file protein10.csv (CSV, C-alpha atoms)
chain,number,residue,atom,x,y,z
R,1,MET,CA,37.2,-89.7,-22.7
R,2,ARG,CA,40.0,-88.0,-20.8
R,3,SER,CA,40.9,-84.4,-20.9
R,4,VAL,CA,44.5,-83.5,-21.2
R,5,HIS,CA,45.9,-80.1,-20.3
R,6,THR,CA,48.6,-79.0,-22.7
R,7,GLY,CA,49.8,-75.6,-21.8
R,8,VAL,CA,46.9,-73.2,-22.4
R,9,THR,CA,44.7,-75.3,-24.7
R,10,ILE,CA,42.7,-78.3,-23.5
R,11,GLY,CA,42.5,-81.3,-25.9
R,12,THR,CA,40.4,-84.4,-25.6
R,13,VAL,CA,42.2,-87.8,-26.2
R,14,ASP,CA,40.2,-90.9,-27.0
R,15,TRP,CA,42.6,-93.5,-25.8
R,16,PHE,CA,40.5,-96.6,-26.4
R,17,LYS,CA,38.8,-95.8,-29.7
R,18,ALA,CA,40.4,-98.6,-31.6
R,19,ASP,CA,39.7,-101.1,-28.7
R,20,ARG,CA,36.0,-100.1,-28.6
R,21,ALA,CA,35.6,-100.8,-32.3
R,22,LYS,CA,37.3,-104.1,-32.1
R,23,TYR,CA,35.2,-105.3,-29.1
R,24,ALA,CA,32.0,-104.0,-30.7
R,25,ASN,CA,32.8,-106.3,-33.7
R,26,LEU,CA,33.7,-109.2,-31.4
R,27,SER,CA,30.5,-108.9,-29.3
R,28,THR,CA,28.4,-109.6,-32.4
R,29,ALA,CA,30.5,-112.5,-33.7
R,30,TRP,CA,30.8,-116.3,-33.1
R,31,VAL,CA,33.8,-118.5,-33.6
R,32,THR,CA,33.0,-120.6,-36.7
R,33,PRO,CA,35.0,-123.7,-37.9
R,34,GLU,CA,36.0,-125.2,-41.1
R,35,PRO,CA,35.5,-128.8,-40.1
R,36,ARG,CA,36.6,-130.7,-43.2
R,37,ARG,CA,40.3,-129.9,-42.6
R,38,CYS,CA,40.3,-130.3,-38.8
R,39,VAL,CA,42.6,-133.0,-37.4
R,40,GLN,CA,41.0,-132.9,-33.9
R,41,CYS,CA,44.3,-131.9,-32.2
R,42,GLY,CA,42.4,-130.2,-29.4
R,43,MET,CA,44.6,-127.0,-29.2
R,44,CYS,CA,41.5,-124.8,-29.5
R,45,SER,CA,39.9,-126.4,-26.4
R,46,PHE,CA,43.1,-126.6,-24.5
R,47,ASN,CA,43.7,-122.9,-24.8
R,48,CYS,CA,40.2,-121.7,-24.1
R,49,PRO,CA,40.2,-119.7,-20.8
R,50,MET,CA,36.5,-120.7,-20.2
R,51,SER,CA,37.1,-124.4,-20.8
R,52,ILE,CA,34.7,-124.6,-23.7
R,53,ASP,CA,35.1,-127.8,-25.8
R,54,VAL,CA,35.7,-125.9,-29.0
R,55,ARG,CA,36.8,-129.1,-30.7
R,56,ARG,CA,33.3,-130.6,-30.2
R,57,HIS,CA,31.8,-127.6,-32.0
R,58,VAL,CA,34.2,-128.1,-34.9
R,59,TRP,CA,33.4,-131.8,-35.1
R,60,ARG,CA,29.7,-131.0,-35.2
R,61,SER,CA,30.2,-128.2,-37.8
R,62,GLU,CA,28.6,-125.7,-35.4
R,63,PRO,CA,29.7,-122.2,-34.4
R,64,VAL,CA,30.7,-121.7,-30.8
R,65,SER,CA,27.5,-120.2,-29.5
R,66,VAL,CA,28.0,-121.0,-25.9
R,67,GLY,CA,26.9,-118.1,-23.7
R,68,ARG,CA,30.1,-118.1,-21.6
R,69,CYS,CA,32.4,-117.7,-24.7
R,70,LEU,CA,34.3,-114.4,-24.3
R,71,THR,CA,35.2,-114.2,-28.0
R,72,CYS,CA,38.7,-113.6,-26.8
R,73,GLY,CA,40.2,-115.2,-29.9
R,74,GLU,CA,42.5,-117.6,-28.1
R,75,CYS,CA,41.1,-120.6,-30.0
R,76,VAL,CA,41.3,-118.8,-33.3
R,77,LYS,CA,44.9,-117.7,-32.6
R,78,ARG,CA,46.1,-121.2,-31.4
R,79,CYS,CA,44.6,-123.3,-34.2
R,80,PRO,CA,47.7,-124.7,-36.0
R,81,ARG,CA,45.8,-125.1,-39.3
R,82,GLY,CA,44.0,-121.8,-39.1
R,83,LEU,CA,40.5,-123.3,-39.4
R,84,LEU,CA,38.7,-121.1,-36.9
R,85,ARG,CA,37.5,-117.6,-37.6
R,86,PHE,CA,35.0,-114.9,-36.4
R,87,GLU,CA,31.8,-114.5,-38.3
R,88,PRO,CA,28.9,-112.2,-37.6
R,89,ILE,CA,26.1,-113.9,-35.6
R,90,THR,CA,23.6,-113.3,-38.4
R,91,ALA,CA,25.8,-115.0,-41.0
R,92,ALA,CA,26.8,-117.9,-38.7
R,93,THR,CA,23.4,-119.3,-37.7
R,94,PRO,CA,23.9,-122.7,-35.9
R,95,SER,CA,22.8,-125.7,-37.8
R,96,ARG,CA,20.1,-127.7,-36.0
R,97,ARG,CA,20.1,-131.4,-36.4
R,98,VAL,CA,16.7,-132.7,-37.0
R,99,LYS,CA,16.1,-136.3,-35.9
R,100,GLN,CA,13.7,-138.1,-38.2
R,101,ALA,CA,11.1,-140.3,-36.5
R,102,ARG,CA,11.0,-143.9,-37.8
call {"tool": "encode", "arguments": {"input": "protein10.csv", "output": "structure tokens"}}
result
Amino acid sequence: MRSVHTGVTIGTVDWFKADRAKYANLSTAWVTPEPRRCVQCGMCSFNCPMSIDVRRHVWRSEPVSVGRCLTCGECVKRCPRGLLRFEPITAATPSRRVKQAR
């Protein structure tokens, strides 16, 4: 919050209110793929500033739940087919592959 002096009255301006709401939503979301239509072009991984192999997560049909993911949205923006999206963490629980013993 920042106080702004305008003449005699003092008003409070909340400059970053919209940004706070956006980042609060992103902090509770994962990048989730739609793997059936993915062509494995690799644009998502190439544009990730944290060098996360997003394409591997798409191939495995898993959300990007890597701890170093910033949820910056670069992979979502750069996907040429629009197959990546943000989903709340509770709705996008990662699928665990269970190996069956023989």
call {"tool": "closest_residue", "arguments": {"input": "protein10.csv", "among": "R:Pro49, R:Pro63, R:Gly42, R:Pro35", "to": "Ile89 in chain R", "atoms": "only C-alpha atoms"}}
result
R:Pro63
call {"tool": "atom_distance", "arguments": {"input": "protein10.csv", "atom1": "CA of Phe46 in chain R", "atom2": "CA of Cys79 in chain R"}}
result
10.4 Å
call {"tool": "residues_around", "arguments": {"input": "protein10.csv", "residues": "Val54 in chain R", "least_positions_apart": "5", "cutoff": "9 Å", "atoms": "all atoms listed in the file", "output": "PDB file with C-alpha atoms, keeping the file's coordinate frame"}}
result
ATOM      1  CA  VAL R  31      33.800-118.500 -33.600  1.00  0.00           C
ATOM      2  CA  GLY R  42      42.400-130.200 -29.400  1.00  0.00           C
ATOM      3  CA  MET R  43      44.600-127.000 -29.200  1.00  0.00           C
ATOM      4  CA  CYS R  44      41.500-124.800 -29.500  1.00  0.00           C
ATOM      5  CA  SER R  45      39.900-126.400 -26.400  1.00  0.00           C
ATOM      6  CA  PHE R  46      43.100-126.600 -24.500  1.00  0.00           C
ATOM      7  CA  CYS R  48      40.200-121.700 -24.100  1.00  0.00           C
ATOM      8  CA  TRP R  59      33.400-131.800 -35.100  1.00  0.00           C
ATOM      9  CA  PRO R  63      29.700-122.200 -34.400  1.00  0.00           C
ATOM     10  CA  VAL R  64      30.700-121.700 -30.800  1.00  0.00           C
ATOM     11  CA  CYS R  75      41.100-120.600 -30.000  1.00  0.00           C
TER      12      CYS R  75
END
call {"tool": "atom_distance", "arguments": {"input": "protein10.csv", "atom1": "CA of Val39 in chain R", "atom2": "CA of Thr90 in chain R"}}
result
27.4 Å
call {"tool": "closest_residue", "arguments": {"input": "protein10.csv", "among": "R:Asn47, R:Ser65, R:Ile52, R:Arg60", "to": "Lys77 in chain R", "atoms": "only C-alpha atoms"}}
result
R:Asn47
call {"tool": "atom_distance", "arguments": {"input": "protein10.csv", "atom1": "CA of Glu62 in chain R", "atom2": "CA of Pro33 in chain R"}}
result
7.2 Å
